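What follows is a set of notes on a single structure, which appears directly below.
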Amino acid sequence: MPWVPVAAPARVLRIGMRSAPPFRHRFRLAAAALFVVSGAAATTVATAVVTEPAGAATKLPSCNLSALAKHQGTVNITFWESASSANLTVLQGIASAFNSSQSKVHVTLVTQAGYDDTWQKYTAGLSNGQLPDVVQLEDDRTQEAIDTGSFLPVQSCMNAAKYSTSDFLARPLAYWKVNGVQWAMPFSVSAPIVYYNQNAFTKAGLNPNNPPLTLPQMLSDAKTLKASGSGMGLVLDPWHLETWLASANQLFVNNSNGRNARATKASFNNATADSIFSQLSQLVRSGDATTNPSTGPDQYDNLLGIGSGKYGMTIETSAALGTVTSLLGQGQYSNVKLGIGPFPVYSSSVKGGIEPGGGGVYMSNKVPALEQAASWTFVSYLMNTQSVATWSAGTGYIPVRKSSTQTATVQHLWATDPGYKVAYNEINNGVDSAATSGSVIGPYADVRTDVLNAEISMYTQGVSASKAVNNAQSSVDQTIAGYNSRL
């Protein structure tokens with residue numbers, strides 16, 4: 001039976017960003033110890049040229065980099081982040097290296113409890129004046145962040161520094177680009193991938209080296225696994241519809257997913273969405289997959305079920321791989337030989353792409369020009385080739401610079417743990433478009449709750465797929481209209 005919620009969660013986040021951000025892998029510490037990473041699979045999809053969003057801003061606020069050059073002494077800045085455990089250690093190392101590399105700027109990390117806590121503290125700071133120079137915010141806060149009017153677009157400093165972005169992966173960069181303006185730099189970027197037990201696949205008569213590459217294949221493999229005694233674990237995360245739509249190169253909201261102009265309504269009430277919901281409904285209501293919530297005490301059952309043998313596969317964030325590798329060698333659950341596969345796309349005949357998720361790094365416009373220039377010095381260091389490589393290898397996040405993948409750091413990682421390369425291939429391959437860059441929506445969290453509630457209604461109330469999609473579209477339209485009316 002599917003999990004039946006008492007009430008829909010007030011806030012649910014993209015895969016890898018549940019009630020905590022992808023930085024905070026405390027939820028992985030128990031589950032990740034179950035696994036031994038042993039393999040990787042890749043998918044090949046068509047590549048297309050990136051198109052710049054239309055309607056680029058004609059005038060940006062200035063970024064006076066000369067203010068730092070003229071300044072005598074050290075400028076102190078703060079960076080609000082949400083790292084913990086091994087990830088915090090890696091970030092502390094990068095910050096320490098930055099501070100030691102020069103004497104003009106000193107950055108102090110201020111660790112927050114999570115993305116939600118960071119946002120709440122930041123919005124409070126808009127009133128009490130206690131704000132950081134640099135802050136990392138969750139991907140679904142992009143439009144809200146812009147709407148505060150409190151951020152200096154990194155585009156301003158990029159222009160002033162003649163900073164080239166040609167080395168960056170197109171899609172993560174595009175996620176934080178709105179109306180042609182780069183508002184934040186992509187930093188902790190992840191993507192959904194398949195975690196599966198190769199032994200369970202072998203037992204079921206499936207090829208352990210061939211995880212499902214499409215949604216129909218996923219349903220077929222789940223049925224075969226269930227017949228052999230396992231099945232699939234499926235987290236009730238709210239990203240299902242938009243991610244599968246992106247893999248079919250279909251928009252989630254209007255105005256090019258909110259990238260050419262503010263999103264005003266949903267755009268997914270179509271045959272593709274009906275098909276996605278119909279297949280998910282079949283998967284769950286047949287019993288081939290068992291759901292669990294994305295919050296609360298049962299939120300990790302999909303991963304724990306791999307270790308116990310209850311499930312043969314699940315979909316989770318690639319960001320969990322950092323914790324997996326840090327806990328290798330404990331020798332538990334010898335029945336599990338973990339394989340890593342790409343996210344199963346909507347169809348092999350429809351070329352789309354996997355949208356990135358994660359956190360972007362923003363700069364404040366509420367601090368003096370000197371501190372803004374100092375902030376850019378730190379941000380550009382944080383995003384240099386070796387820093388990105390160090391961050392990726394130490395955490396499992398996707399390296400967002402192509403040159404970082406050529407470093408000895410990442411090459412060694414991919415050679416010893418090829419599962420890390422799967423998410424990179426997902427984000428680097430496929431079509432780069434407004435649909436695959438992700439959506440920019442003011443009330444994004446509430447919109448995702450609307451969609452999740454519609455999905456759950458199929459599993460628990462027998463609502464048809466087409467009706468659930470229609471209900472989701474109506475609810476999303478009302479939610480977006482309500483937010484926009486308050487601006």
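In the structure tokens, each chain is lettered A, B, ... as it comes, each chain's residues begin at 1, and ligands are numbered from 1 in order of appearance.
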6 Å contact set for A:Ser190, only C-alpha atoms, chain neighbours under 6 positions out, as a VMD selection string
chain A and resid 318 to 319 357 to 358 397 to 398
Those same residues - N, CA and C atoms - I'd like them written as a tab-separated table (two decimals), in the first residue's frame.
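again.tsv was written with the following content:
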```tsv
chain	number	residue	atom	x	y	z
A	318	SER	N	22.09	12.74	-6.52
A	318	SER	CA	23.51	12.42	-6.68
A	318	SER	C	24.33	12.98	-5.53
A	319	ALA	N	23.79	13.96	-4.82
A	319	ALA	CA	24.51	14.56	-3.70
A	319	ALA	C	24.75	13.57	-2.57
A	357	GLY	N	19.68	20.84	-9.96
A	357	GLY	CA	19.14	21.36	-8.72
A	357	GLY	C	20.30	21.70	-7.80
A	358	GLY	N	20.02	22.36	-6.70
A	358	GLY	CA	21.08	22.66	-5.75
A	358	GLY	C	21.03	24.08	-5.24
A	397	TYR	N	29.05	16.65	-5.26
A	397	TYR	CA	28.33	17.56	-6.15
A	397	TYR	C	28.95	17.55	-7.54
A	398	ILE	N	28.17	17.96	-8.51
A	398	ILE	CA	28.61	17.94	-9.90
A	398	ILE	C	29.63	19.06	-10.15
```
Atomic separation - atom CA of A:Pro443 relative to atom CA of A:Arg171, Å
22.1 Å
When you count only C-alpha atoms, which of these residues is closest to A:Thr111: A:Gly231, A:Gly394, A:Gly125, A:Pro132?
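Among the listed residues, A:Pro132 lies closest to A:Thr111.
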Helix (DSSP H, G or I) call set, DSSP backbone run, stretch 229-295 of chain A, as a ChimeraX atom specification
/A:240-247,254-258,271-285
Okay, now the selection with N, CA and C atoms, as a short mmCIF file (atom, residue, chain, number, x, y, z; two decimals), in the first residue's frame?
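Contents of the output file part14.cif:
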```cif
data_model
loop_
_atom_site.label_atom_id
_atom_site.label_comp_id
_atom_site.auth_asym_id
_atom_site.auth_seq_id
_atom_site.Cartn_x
_atom_site.Cartn_y
_atom_site.Cartn_z
N HIS A 240 8.83 15.22 -9.31
CA HIS A 240 8.58 14.18 -10.32
C HIS A 240 8.12 14.74 -11.65
N LEU A 241 7.02 15.49 -11.62
CA LEU A 241 6.41 15.94 -12.87
C LEU A 241 7.35 16.85 -13.65
N GLU A 242 7.92 17.86 -12.99
CA GLU A 242 8.74 18.82 -13.73
C GLU A 242 10.02 18.18 -14.28
N THR A 243 10.58 17.20 -13.55
CA THR A 243 11.81 16.57 -14.02
C THR A 243 11.54 15.69 -15.23
N TRP A 244 10.47 14.91 -15.19
CA TRP A 244 10.15 14.09 -16.35
C TRP A 244 9.70 14.96 -17.53
N LEU A 245 9.03 16.07 -17.25
CA LEU A 245 8.68 17.00 -18.34
C LEU A 245 9.95 17.55 -19.00
N ALA A 246 10.93 17.93 -18.18
CA ALA A 246 12.18 18.46 -18.72
C ALA A 246 12.88 17.42 -19.58
N SER A 247 12.81 16.15 -19.16
CA SER A 247 13.46 15.10 -19.95
C SER A 247 12.78 14.93 -21.32
N ASN A 254 4.75 29.05 -17.88
CA ASN A 254 4.79 29.85 -19.10
C ASN A 254 5.98 30.81 -19.11
N ASN A 255 6.03 31.62 -20.15
CA ASN A 255 7.11 32.59 -20.33
C ASN A 255 8.49 31.95 -20.27
N SER A 256 8.60 30.84 -21.03
CA SER A 256 9.88 30.09 -21.09
C SER A 256 10.34 29.68 -19.70
N ASN A 257 9.42 29.07 -18.97
CA ASN A 257 9.70 28.61 -17.60
C ASN A 257 10.05 29.78 -16.68
N GLY A 258 9.47 30.93 -16.97
CA GLY A 258 9.71 32.10 -16.13
C GLY A 258 11.04 32.77 -16.38
N ALA A 271 -0.71 16.18 -22.88
CA ALA A 271 -0.65 14.72 -22.99
C ALA A 271 0.59 14.14 -22.35
N THR A 272 1.71 14.88 -22.41
CA THR A 272 2.94 14.37 -21.81
C THR A 272 2.81 14.25 -20.30
N ALA A 273 2.26 15.26 -19.66
CA ALA A 273 2.05 15.21 -18.22
C ALA A 273 1.06 14.11 -17.85
N ASP A 274 -0.01 13.98 -18.63
CA ASP A 274 -0.97 12.90 -18.39
C ASP A 274 -0.28 11.54 -18.43
N SER A 275 0.61 11.36 -19.39
CA SER A 275 1.31 10.09 -19.53
C SER A 275 2.24 9.84 -18.35
N ILE A 276 2.95 10.88 -17.91
CA ILE A 276 3.85 10.75 -16.77
C ILE A 276 3.08 10.34 -15.53
N PHE A 277 2.00 11.05 -15.23
CA PHE A 277 1.19 10.73 -14.05
C PHE A 277 0.54 9.35 -14.19
N SER A 278 0.11 9.01 -15.38
CA SER A 278 -0.52 7.71 -15.59
C SER A 278 0.45 6.57 -15.30
N GLN A 279 1.70 6.72 -15.77
CA GLN A 279 2.69 5.68 -15.53
C GLN A 279 3.07 5.60 -14.06
N LEU A 280 3.19 6.75 -13.40
CA LEU A 280 3.50 6.72 -11.97
C LEU A 280 2.36 6.10 -11.17
N SER A 281 1.13 6.41 -11.56
CA SER A 281 -0.02 5.82 -10.88
C SER A 281 -0.02 4.30 -11.04
N GLN A 282 0.26 3.84 -12.24
CA GLN A 282 0.34 2.40 -12.50
C GLN A 282 1.44 1.75 -11.66
N LEU A 283 2.57 2.42 -11.57
CA LEU A 283 3.71 1.91 -10.81
C LEU A 283 3.37 1.69 -9.35
N VAL A 284 2.68 2.66 -8.77
CA VAL A 284 2.39 2.60 -7.33
C VAL A 284 1.16 1.74 -7.03
N ARG A 285 0.11 1.95 -7.79
CA ARG A 285 -1.13 1.24 -7.48
C ARG A 285 -1.03 -0.26 -7.77
#
```
Nearest residue to A:Val361 out of A:Val447, A:Ala184, A:Ala481, A:Leu225, using only C-alpha atoms?
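Of A:Val447, A:Ala184, A:Ala481, A:Leu225, the one nearest A:Val361 is A:Ala184, counting only C-alpha atoms.
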Which distance in Å separates atom CA of A:Gly149 and atom CA of A:Pro356, to one decimal?
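One can read the atom CA of A:Gly149 to atom CA of A:Pro356 distance as 24.7 Å.
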